[in-house]
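Source file structure_21.cif; content: mmCIF, C-alpha atoms.
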data_entry
#
loop_
_atom_site.label_atom_id
_atom_site.label_comp_id
_atom_site.auth_asym_id
_atom_site.auth_seq_id
_atom_site.Cartn_x
_atom_site.Cartn_y
_atom_site.Cartn_z
CA MET A 330 0.00 0.00 0.00
CA GLU A 331 2.80 2.37 0.93
CA PHE A 332 4.47 1.43 -2.35
CA LEU A 333 1.33 2.43 -4.27
CA PHE A 334 1.23 5.80 -2.46
CA ASN A 335 4.84 6.49 -3.35
CA LEU A 336 4.24 5.40 -6.95
CA ILE A 337 1.29 7.79 -7.37
CA LEU A 338 3.23 10.68 -5.81
CA LEU A 339 6.20 9.98 -8.09
CA LEU A 340 3.87 9.97 -11.13
CA PHE A 341 2.51 13.36 -10.00
CA LEU A 342 6.10 14.62 -9.72
CA ALA A 343 6.86 13.44 -13.24
CA ALA A 344 3.72 15.18 -14.53
CA VAL A 345 4.72 18.47 -12.85
CA THR A 346 8.26 18.20 -14.25
CA ILE A 347 6.99 17.68 -17.81
CA GLY A 348 4.65 20.63 -17.24
CA ILE A 349 7.55 22.86 -16.16
CA ILE A 350 9.41 21.97 -19.36
CA GLY A 351 6.40 22.83 -21.51
CA VAL A 352 5.34 26.13 -19.91
CA ARG A 353 6.87 29.35 -21.33
CA ASN A 354 5.47 31.73 -18.69
CA LEU A 355 8.07 32.05 -15.92
CA PHE A 356 5.53 33.01 -13.25
CA ALA A 357 3.73 29.71 -13.92
CA VAL A 358 7.09 27.97 -13.61
CA VAL A 359 7.54 29.47 -10.13
CA VAL A 360 4.08 28.24 -9.07
CA LEU A 361 4.75 24.81 -10.57
CA SER A 362 8.10 24.47 -8.82
CA GLY A 363 6.40 25.33 -5.51
CA ALA A 364 3.88 22.55 -6.17
CA TYR A 365 6.76 20.23 -7.08
CA SER A 366 8.50 20.95 -3.78
CA PHE A 367 5.37 20.24 -1.76
CA LEU A 368 4.81 16.92 -3.53
CA MET A 369 8.49 16.00 -3.15
CA ALA A 370 8.45 16.85 0.57
CA THR A 371 5.32 14.72 1.06
CA LEU A 372 7.03 11.83 -0.71
CA LEU A 373 10.18 12.21 1.40
CA ILE A 374 8.18 12.16 4.62
CA ALA A 375 6.21 9.13 3.41
CA MET A 376 9.59 7.42 2.94
CA ASP A 377 10.55 8.31 6.56
CA ALA A 378 13.18 10.93 5.64
CA VAL A 379 11.50 13.48 7.89
CA ASP A 380 14.43 15.90 8.22
CA VAL A 381 15.07 15.95 4.45
CA GLY A 382 11.36 16.45 3.86
CA MET A 383 11.23 19.43 6.20
CA THR A 384 14.26 20.98 4.49
CA GLU A 385 12.68 20.47 1.08
CA ALA A 386 9.45 22.11 2.23
CA ALA A 387 11.19 25.07 3.89
CA VAL A 388 13.76 25.71 1.15
CA GLY A 389 11.89 24.48 -1.92
CA ALA A 390 8.35 25.62 -1.25
CA GLY A 391 9.07 28.53 1.11
CA VAL A 392 12.31 30.37 0.43
CA SER A 393 12.84 29.49 -3.23
CA THR A 394 9.38 30.76 -4.16
CA VAL A 395 10.26 34.10 -2.56
CA LEU A 396 13.72 34.24 -4.17
CA LEU A 397 12.44 33.23 -7.63
CA LEU A 398 9.69 35.86 -7.47
CA SER A 399 12.28 38.50 -6.49
CA ALA A 400 14.39 37.43 -9.48
CA LEU A 401 11.30 37.53 -11.70
CA HIS A 402 10.89 41.22 -10.80
CA LEU A 403 14.20 41.91 -12.59
CA THR A 404 13.37 40.01 -15.80
CA ASN A 405 10.52 39.38 -18.21
CA THR A 406 7.80 36.98 -17.17
CA GLU A 407 7.81 35.33 -20.61
CA GLU A 408 10.65 33.02 -21.54
CA ALA A 409 12.48 34.12 -24.70
CA PRO A 410 12.48 31.58 -27.56
CA ALA A 411 15.65 29.51 -27.66
CA LYS A 412 18.41 30.93 -29.89
CA HIS A 413 20.43 27.73 -30.11
CA SER A 414 19.50 24.17 -30.85
CA ASN A 415 18.24 22.11 -27.92
CA VAL A 416 20.11 18.97 -28.95
CA LEU A 417 23.29 19.50 -26.88
CA PRO A 418 21.51 20.35 -23.55
CA MET A 419 19.15 17.42 -24.14
CA ALA A 420 22.06 15.03 -24.72
CA LEU A 421 23.85 16.36 -21.62
CA ALA A 422 20.71 15.93 -19.48
CA LEU A 423 20.16 12.39 -20.77
CA LEU A 424 23.82 11.53 -20.13
CA THR A 425 23.65 12.87 -16.55
CA GLY A 426 20.39 11.02 -15.97
CA ALA A 427 21.88 7.78 -17.30
CA ALA A 428 24.92 8.22 -15.02
CA LEU A 429 22.64 8.74 -12.01
CA VAL A 430 20.54 5.67 -12.86
CA TYR A 431 23.78 3.68 -13.28
CA GLY A 432 24.82 4.92 -9.83
CA THR A 433 21.63 3.60 -8.23
CA TRP A 434 22.54 0.01 -9.20
CA ASP A 435 25.17 -0.04 -6.46
CA LEU A 436 22.79 1.32 -3.81
CA PRO A 437 21.36 -1.13 -1.24
CA ARG A 438 17.64 -1.85 -1.42
CA TYR A 439 15.34 0.65 0.34
CA GLY A 440 14.98 -0.33 4.00
CA ASP A 441 17.50 -3.20 3.80
CA PRO A 442 18.53 -4.01 7.41
CA ASP A 443 21.87 -5.62 6.41
CA THR A 444 23.51 -2.51 4.94
CA PRO A 445 26.58 -1.00 6.67
CA MET A 446 24.61 2.12 7.67
CA ASN A 447 22.02 -0.03 9.47
CA SER A 448 24.48 -2.54 10.99
CA TYR A 449 27.22 -1.06 13.18
CA VAL A 450 26.78 2.34 14.77
CA GLY A 451 23.14 2.68 13.66
CA ASP A 452 22.05 -0.11 16.03
CA GLU A 453 23.93 1.56 18.89
CA TYR A 454 22.11 4.83 18.28
CA LEU A 455 18.73 3.09 18.12
CA GLU A 456 19.33 1.20 21.37
CA ARG A 457 20.95 3.95 23.41
CA SER A 458 19.27 7.08 22.09
CA ILE A 459 16.13 7.06 24.24
CA PRO A 460 17.75 5.91 27.55
CA GLU A 461 20.66 8.34 27.15
CA THR A 462 19.02 11.43 25.70
CA THR A 463 15.23 10.87 26.15
CA ILE A 464 14.65 12.43 22.71
CA PRO A 465 11.96 10.39 20.89
CA ASN A 466 13.32 11.09 17.38
CA VAL A 467 16.68 9.40 16.79
CA VAL A 468 17.66 11.74 13.96
CA THR A 469 17.23 14.70 16.29
CA SER A 470 19.20 13.06 19.08
CA VAL A 471 22.09 12.20 16.71
CA LEU A 472 22.19 15.71 15.25
CA ALA A 473 21.65 17.71 18.41
CA SER A 474 23.16 15.52 21.10
CA TYR A 475 25.71 12.95 19.86
CA ARG A 476 27.00 15.27 17.14
CA GLY A 477 26.18 18.46 19.00
CA TYR A 478 29.56 20.16 18.44
CA ASP A 479 29.40 19.33 14.73
CA THR A 480 25.96 20.90 14.46
CA LEU A 481 27.14 23.90 16.48
CA GLY A 482 29.96 24.42 13.95
CA GLU A 483 27.54 24.19 11.02
CA THR A 484 25.22 26.68 12.67
CA ALA A 485 28.14 29.08 13.23
CA VAL A 486 29.06 28.84 9.52
CA ILE A 487 25.48 29.55 8.43
CA PHE A 488 25.21 32.41 10.93
CA THR A 489 28.41 33.97 9.55
CA ALA A 490 27.13 33.62 5.99
CA GLY A 491 23.85 35.28 6.98
CA ILE A 492 25.69 38.20 8.58
CA GLY A 493 27.79 38.57 5.42
CA VAL A 494 24.72 38.70 3.18
CA LEU A 495 23.02 41.21 5.49
CA MET A 496 26.11 43.47 5.46
CA LEU A 497 26.26 43.34 1.64
CA LEU A 498 22.56 44.21 1.30
CA TYR A 499 22.71 46.95 3.93
CA GLY A 500 25.75 48.55 2.27
CA ARG A 501 24.00 48.59 -1.11
CA ARG A 502 20.85 50.15 0.24
CA ARG A 503 22.69 52.94 2.09
CA LYS A 504 24.66 53.80 -1.08
CA GLY A 505 21.39 53.95 -3.03
CA ASP A 506 19.98 56.40 -0.49
CA ASP A 507 23.03 58.66 -0.87
CA ASP A 508 22.55 58.75 -4.65
CA GLU A 509 18.97 59.88 -4.24
CA GLY A 510 20.10 62.87 -2.19
CA GLY A 511 19.89 61.34 1.26
CA ASP A 512 16.21 62.08 1.93
CA ARG A 513 16.13 58.97 4.13
CA SER A 514 18.89 58.65 6.66
CA MET B 586 -11.81 4.90 7.04
CA PHE B 587 -8.49 6.75 6.89
CA MET B 588 -7.65 4.77 3.79
CA ALA B 589 -10.77 6.04 2.01
CA ALA B 590 -9.87 9.60 3.01
CA ALA B 591 -6.32 9.12 1.75
CA ILE B 592 -7.54 7.78 -1.60
CA ALA B 593 -10.00 10.66 -1.93
CA LEU B 594 -7.17 13.13 -1.18
CA LEU B 595 -4.93 11.52 -3.80
CA VAL B 596 -7.71 11.73 -6.39
CA SER B 597 -8.35 15.41 -5.62
CA LEU B 598 -4.60 16.03 -5.71
CA GLY B 599 -4.62 14.60 -9.23
CA LEU B 600 -7.54 16.83 -10.27
CA VAL B 601 -5.85 19.95 -8.88
CA LEU B 602 -2.64 18.91 -10.61
CA ILE B 603 -4.47 18.89 -13.95
CA ARG B 604 -5.60 22.46 -13.23
CA VAL B 605 -2.11 23.64 -12.28
CA LEU B 606 -0.70 22.11 -15.47
CA LYS B 607 -3.41 23.24 -17.91
CA GLY B 608 -4.67 26.37 -16.10
CA PRO B 609 -5.65 28.88 -18.82
CA THR B 610 -4.77 31.92 -16.68
CA ILE B 611 -2.02 32.46 -14.15
CA PHE B 612 -4.57 32.87 -11.36
CA ASP B 613 -5.85 29.34 -11.92
CA ARG B 614 -2.32 28.12 -11.45
CA VAL B 615 -1.75 30.14 -8.25
CA ILE B 616 -4.98 28.89 -6.67
CA ALA B 617 -4.25 25.32 -7.77
CA GLY B 618 -0.68 25.54 -6.48
CA ASN B 619 -1.95 26.73 -3.12
CA SER B 620 -4.51 23.89 -3.12
CA ILE B 621 -1.70 21.40 -3.74
CA GLY B 622 0.00 22.70 -0.60
CA THR B 623 -3.22 22.37 1.40
CA LEU B 624 -3.95 18.89 0.03
CA SER B 625 -0.44 17.66 0.79
CA VAL B 626 -0.83 18.93 4.36
CA LEU B 627 -4.07 16.93 4.68
CA LEU B 628 -2.57 13.91 2.94
CA LEU B 629 0.39 13.97 5.31
CA ALA B 630 -1.88 14.11 8.36
CA VAL B 631 -4.07 11.25 7.08
CA MET B 632 -1.10 9.19 5.90
CA GLY B 633 0.33 9.23 9.40
CA TYR B 634 -2.78 7.42 10.66
CA VAL B 635 -2.88 5.02 7.68
CA PHE B 636 0.72 3.91 8.22
CA GLY B 637 0.47 3.94 12.01
CA ARG B 638 2.74 6.93 12.68
CA PRO B 639 0.44 9.71 13.91
CA GLU B 640 3.44 11.95 14.73
CA PHE B 641 3.22 13.14 11.12
CA ILE B 642 0.51 15.57 12.18
CA ASP B 643 3.16 17.91 13.68
CA LEU B 644 4.92 18.01 10.33
CA ALA B 645 1.62 18.68 8.58
CA ILE B 646 1.11 21.75 10.78
CA THR B 647 4.60 23.02 9.91
CA TYR B 648 3.83 22.51 6.22
CA ALA B 649 0.70 24.60 6.59
CA LEU B 650 2.82 27.48 7.97
CA LEU B 651 5.26 27.20 5.03
CA ASN B 652 2.37 27.19 2.56
CA VAL B 653 1.23 30.54 3.96
CA ILE B 654 4.70 32.06 3.37
CA GLY B 655 4.73 31.03 -0.28
CA THR B 656 1.22 32.32 -0.93
CA ILE B 657 1.91 35.65 0.80
CA ALA B 658 5.00 36.07 -1.39
CA VAL B 659 2.95 35.39 -4.54
CA LEU B 660 0.18 37.79 -3.49
CA LYS B 661 2.66 40.53 -2.56
CA PHE B 662 4.27 40.10 -5.96
CA PHE B 663 0.87 40.65 -7.57
CA ARG B 664 0.11 43.70 -5.45
CA TYR B 665 3.43 45.55 -5.64
CA GLY B 666 5.29 43.84 -8.49
CA ASP B 667 8.22 43.44 -6.09
CA LEU B 668 8.92 41.73 -2.81
CA GLY B 669 11.61 43.92 -1.26
CA ALA B 670 9.77 47.25 -1.33
CA GLY B 671 7.39 48.21 1.44
CA GLU B 672 4.25 50.24 0.87
CA ASP B 673 5.99 53.65 1.08
CA GLU B 674 8.89 52.64 -1.17
CA ALA B 675 6.89 50.95 -3.90
CA GLY B 676 5.91 54.21 -5.56
CA SER B 677 9.32 55.91 -5.55
#
Please render this file's structure as structure tokens.
Amino acid sequence: MEFLFNLILLLFLAAVTIGIIGVRNLFAVVVLSGAYSFLMATLLIAMDAVDVGMTEAAVGAGVSTVLLLSALHLTNTEEAPAKHSNVLPMALALLTGAALVYGTWDLPRYGDPDTPMNSYVGDEYLERSIPETTIPNVVTSVLASYRGYDTLGETAVIFTAGIGVLMLLYGRRRKGDDDEGGDRS
Amino acid sequence: MFMAAAIALLVSLGLVLIRVLKGPTIFDRVIAGNSIGTLSVLLLAVMGYVFGRPEFIDLAITYALLNVIGTIAVLKFFRYGDLGAGEDEAGS
């Protein structure tokens, strides 16, 4: 039953992707990619990848919609007709897709309990997580407790990047105000 | 019971998907895109009960919040033609 659910959601995803290729209006593409992200996040959560699903929903459906609309403000909403032939990009996309499919042959089956990632340290986490940390979700306890310093480092990097972007934006806006004659301080 | 609801939600998701793909005007697509967000929130909540993991309902609530952000961005784009400008800056 779960397999059927995933199959239907994947078919929906394929339909949205083909729609994105066909549509020439860029605003429609933004709306379609938001729908794609929501379907993808639902599929990821149905496959028990809760943290990846949340990231997909926040970044794909939330932030990217905002960023793409901001970018759309600077360009036309209609896609210009292609100047070059589509053969080379098509061949490149097919080649990349074939390489990715070839890569999946080496992957273990979905949910296989005998894989290395489910055998050694994974069992330890599953057994000791709740007695040691009392966090019900093992992913959360691994990220925030067992690898707490690692996550702290990542957060510091992202925080620094955010400060950098804010400083760049703030500097640009203040310069723009000076050019206008400084009516706003 | 939950299974019937889940199947009904999948069917309506398919119908809305047809609208978002065909949608003659852009407004059809926006409404249909927003409906896809709402339907996936509902599907997620129902799916948690179908597969015996009712914790999914927390995630469904978070999705609903994210759906609001996307729709507000789209509506603000319609109203002002820009996202960065506030009401007083949009005219200048």
Could the residues of chain A within 7 Å of chain B, counting all atoms listed in the file, be given as number ranges by chain, please? A: 348, 357, 360-361, 364, 367-368, 371, 386-387, 390-391, 394-395, 399, 402
Residues at most 12 Å from stretch 429-446 of chain A, counting all atoms listed in the file, excluding those fewer than 6 positions away in the same chain, as a PyMOL selection string? chain A and resi 332+376-378+422-423+452-454
Coordinates-based distance that separates atom CA of A:Ile459 from atom CA of B:Pro639 (Å, one decimal):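 Atom CA of A:Ile459 lies at a distance of 19.0 Å from atom CA of B:Pro639.
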Between A:Ser362, A:Leu424, A:Leu373, A:Arg353, which residue has the minimum interatomic distance to A:Leu338, considering only C-alpha atoms?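 Closest to A:Leu338, using only C-alpha atoms: A:Leu373.
Our summary of the geometry notes that atom CA of A:Val450 is positioned 23.4 Å from atom CA of A:Ile374.
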Sel. within 12 Å of pt (13.8, 11.6, 15.0), counting all atoms listed in the file, output as a list in words: Ile374, Asp377, Ala378, Val379, Asp380, Val381, Tyr454, Leu455, Ser458, Ile459, Thr462, Thr463, Ile464, Pro465, Asn466, Val467, Val468, Thr469, Ser470, Val471, Leu472, Ala473 and Ser474 of chain A; Glu640, Phe641 and Leu644 of chain B
Rounded to one decimal in Å, what is the spacing between atom CA of B:Asp643 and atom CA of B:Ala630? 8.3 Å
Using only the atoms of stretch 479-494 of chain A listed in the file, plus 5 Å on each side, state the axis-aligned box centre and edge lengths in Å rounded to one decimal, as lines of an AutoDock Vina configuration file.
center_x = 26.9
center_y = 29.0
center_z = 9.8
size_x = 16.1
size_y = 29.4
size_z = 23.3
Which polymer residues have any atom within 8 Å of an atom of stretch 403-406 of chain A, counting all atoms listed in the file, with same-chain residues fewer than 5 positions away left out, as a list in words?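 Once the adjacent positions are removed, what remains is Asn354, Leu355 and Phe356 of chain A.
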Of the residues A:Leu401, A:Met419, A:Leu336, A:Leu481, which is the one nearest to A:Ile350, using only C-alpha atoms?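 Closest to A:Ile350, using only C-alpha atoms: A:Met419.
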Place N, CA and C atoms on stretch 386-416 of chain A and deliver the coordinates as a PDB file, in the frame of the given file.
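The new file part-v2.pdb reads:
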ATOM      1  N   ALA A 386      10.625  21.243   2.146  1.00  0.00           N
ATOM      2  CA  ALA A 386       9.450  22.110   2.230  1.00  0.00           C
ATOM      3  C   ALA A 386       9.856  23.542   2.551  1.00  0.00           C
ATOM      4  N   ALA A 387      10.820  23.712   3.482  1.00  0.00           N
ATOM      5  CA  ALA A 387      11.190  25.070   3.890  1.00  0.00           C
ATOM      6  C   ALA A 387      11.945  25.775   2.779  1.00  0.00           C
ATOM      7  N   VAL A 388      12.926  25.074   2.171  1.00  0.00           N
ATOM      8  CA  VAL A 388      13.760  25.710   1.150  1.00  0.00           C
ATOM      9  C   VAL A 388      13.036  25.731  -0.184  1.00  0.00           C
ATOM     10  N   GLY A 389      12.484  24.577  -0.591  1.00  0.00           N
ATOM     11  CA  GLY A 389      11.890  24.480  -1.920  1.00  0.00           C
ATOM     12  C   GLY A 389      10.598  25.252  -2.036  1.00  0.00           C
ATOM     13  N   ALA A 390       9.664  24.995  -1.119  1.00  0.00           N
ATOM     14  CA  ALA A 390       8.350  25.620  -1.250  1.00  0.00           C
ATOM     15  C   ALA A 390       8.315  27.005  -0.614  1.00  0.00           C
ATOM     16  N   GLY A 391       9.126  27.237   0.426  1.00  0.00           N
ATOM     17  CA  GLY A 391       9.070  28.530   1.110  1.00  0.00           C
ATOM     18  C   GLY A 391      10.023  29.544   0.524  1.00  0.00           C
ATOM     19  N   VAL A 392      11.337  29.329   0.760  1.00  0.00           N
ATOM     20  CA  VAL A 392      12.310  30.370   0.430  1.00  0.00           C
ATOM     21  C   VAL A 392      12.510  30.500  -1.066  1.00  0.00           C
ATOM     22  N   SER A 393      12.572  29.338  -1.791  1.00  0.00           N
ATOM     23  CA  SER A 393      12.840  29.490  -3.230  1.00  0.00           C
ATOM     24  C   SER A 393      11.724  30.189  -3.947  1.00  0.00           C
ATOM     25  N   THR A 394      10.470  30.012  -3.523  1.00  0.00           N
ATOM     26  CA  THR A 394       9.380  30.760  -4.160  1.00  0.00           C
ATOM     27  C   THR A 394       9.627  32.245  -4.013  1.00  0.00           C
ATOM     28  N   VAL A 395      10.010  32.678  -2.806  1.00  0.00           N
ATOM     29  CA  VAL A 395      10.260  34.100  -2.560  1.00  0.00           C
ATOM     30  C   VAL A 395      11.431  34.584  -3.403  1.00  0.00           C
ATOM     31  N   LEU A 396      12.529  33.816  -3.427  1.00  0.00           N
ATOM     32  CA  LEU A 396      13.720  34.240  -4.170  1.00  0.00           C
ATOM     33  C   LEU A 396      13.440  34.283  -5.674  1.00  0.00           C
ATOM     34  N   LEU A 397      12.716  33.259  -6.188  1.00  0.00           N
ATOM     35  CA  LEU A 397      12.440  33.230  -7.630  1.00  0.00           C
ATOM     36  C   LEU A 397      11.523  34.388  -8.017  1.00  0.00           C
ATOM     37  N   LEU A 398      10.569  34.734  -7.147  1.00  0.00           N
ATOM     38  CA  LEU A 398       9.690  35.860  -7.470  1.00  0.00           C
ATOM     39  C   LEU A 398      10.482  37.160  -7.463  1.00  0.00           C
ATOM     40  N   SER A 399      11.443  37.316  -6.505  1.00  0.00           N
ATOM     41  CA  SER A 399      12.280  38.500  -6.490  1.00  0.00           C
ATOM     42  C   SER A 399      13.096  38.588  -7.770  1.00  0.00           C
ATOM     43  N   ALA A 400      13.616  37.438  -8.236  1.00  0.00           N
ATOM     44  CA  ALA A 400      14.390  37.430  -9.480  1.00  0.00           C
ATOM     45  C   ALA A 400      13.489  37.750 -10.659  1.00  0.00           C
ATOM     46  N   LEU A 401      12.247  37.294 -10.613  1.00  0.00           N
ATOM     47  CA  LEU A 401      11.300  37.530 -11.700  1.00  0.00           C
ATOM     48  C   LEU A 401      11.010  39.021 -11.857  1.00  0.00           C
ATOM     49  N   HIS A 402      11.105  39.766 -10.745  1.00  0.00           N
ATOM     50  CA  HIS A 402      10.890  41.220 -10.800  1.00  0.00           C
ATOM     51  C   HIS A 402      11.914  41.878 -11.712  1.00  0.00           C
ATOM     52  N   LEU A 403      13.119  41.303 -11.816  1.00  0.00           N
ATOM     53  CA  LEU A 403      14.200  41.910 -12.590  1.00  0.00           C
ATOM     54  C   LEU A 403      14.189  41.474 -14.057  1.00  0.00           C
ATOM     55  N   THR A 404      13.358  40.483 -14.416  1.00  0.00           N
ATOM     56  CA  THR A 404      13.370  40.010 -15.800  1.00  0.00           C
ATOM     57  C   THR A 404      11.966  40.041 -16.363  1.00  0.00           C
ATOM     58  N   ASN A 405      11.833  39.538 -17.600  1.00  0.00           N
ATOM     59  CA  ASN A 405      10.520  39.380 -18.210  1.00  0.00           C
ATOM     60  C   ASN A 405       9.818  38.171 -17.593  1.00  0.00           C
ATOM     61  N   THR A 406       8.495  38.161 -17.650  1.00  0.00           N
ATOM     62  CA  THR A 406       7.800  36.980 -17.170  1.00  0.00           C
ATOM     63  C   THR A 406       7.627  35.949 -18.275  1.00  0.00           C
ATOM     64  N   GLU A 407       7.909  36.308 -19.530  1.00  0.00           N
ATOM     65  CA  GLU A 407       7.810  35.330 -20.610  1.00  0.00           C
ATOM     66  C   GLU A 407       9.210  34.878 -20.994  1.00  0.00           C
ATOM     67  N   GLU A 408       9.361  33.566 -21.148  1.00  0.00           N
ATOM     68  CA  GLU A 408      10.650  33.020 -21.540  1.00  0.00           C
ATOM     69  C   GLU A 408      10.902  33.336 -23.009  1.00  0.00           C
ATOM     70  N   ALA A 409      12.137  33.822 -23.310  1.00  0.00           N
ATOM     71  CA  ALA A 409      12.480  34.120 -24.700  1.00  0.00           C
ATOM     72  C   ALA A 409      12.640  32.816 -25.468  1.00  0.00           C
ATOM     73  N   PRO A 410      12.283  32.811 -26.770  1.00  0.00           N
ATOM     74  CA  PRO A 410      12.480  31.580 -27.560  1.00  0.00           C
ATOM     75  C   PRO A 410      13.966  31.244 -27.652  1.00  0.00           C
ATOM     76  N   ALA A 411      14.260  29.959 -27.707  1.00  0.00           N
ATOM     77  CA  ALA A 411      15.650  29.510 -27.660  1.00  0.00           C
ATOM     78  C   ALA A 411      16.391  29.943 -28.918  1.00  0.00           C
ATOM     79  N   LYS A 412      17.622  30.484 -28.732  1.00  0.00           N
ATOM     80  CA  LYS A 412      18.410  30.930 -29.890  1.00  0.00           C
ATOM     81  C   LYS A 412      19.203  29.776 -30.483  1.00  0.00           C
ATOM     82  N   HIS A 413      19.606  28.841 -29.635  1.00  0.00           N
ATOM     83  CA  HIS A 413      20.430  27.730 -30.110  1.00  0.00           C
ATOM     84  C   HIS A 413      19.594  26.460 -30.165  1.00  0.00           C
ATOM     85  N   SER A 414      20.171  25.460 -30.768  1.00  0.00           N
ATOM     86  CA  SER A 414      19.500  24.170 -30.850  1.00  0.00           C
ATOM     87  C   SER A 414      19.458  23.511 -29.470  1.00  0.00           C
ATOM     88  N   ASN A 415      18.400  22.744 -29.219  1.00  0.00           N
ATOM     89  CA  ASN A 415      18.240  22.110 -27.920  1.00  0.00           C
ATOM     90  C   ASN A 415      18.920  20.753 -27.829  1.00  0.00           C
ATOM     91  N   VAL A 416      19.608  20.351 -28.901  1.00  0.00           N
ATOM     92  CA  VAL A 416      20.110  18.970 -28.950  1.00  0.00           C
ATOM     93  C   VAL A 416      21.194  18.740 -27.900  1.00  0.00           C
TER      94      VAL A 416
END
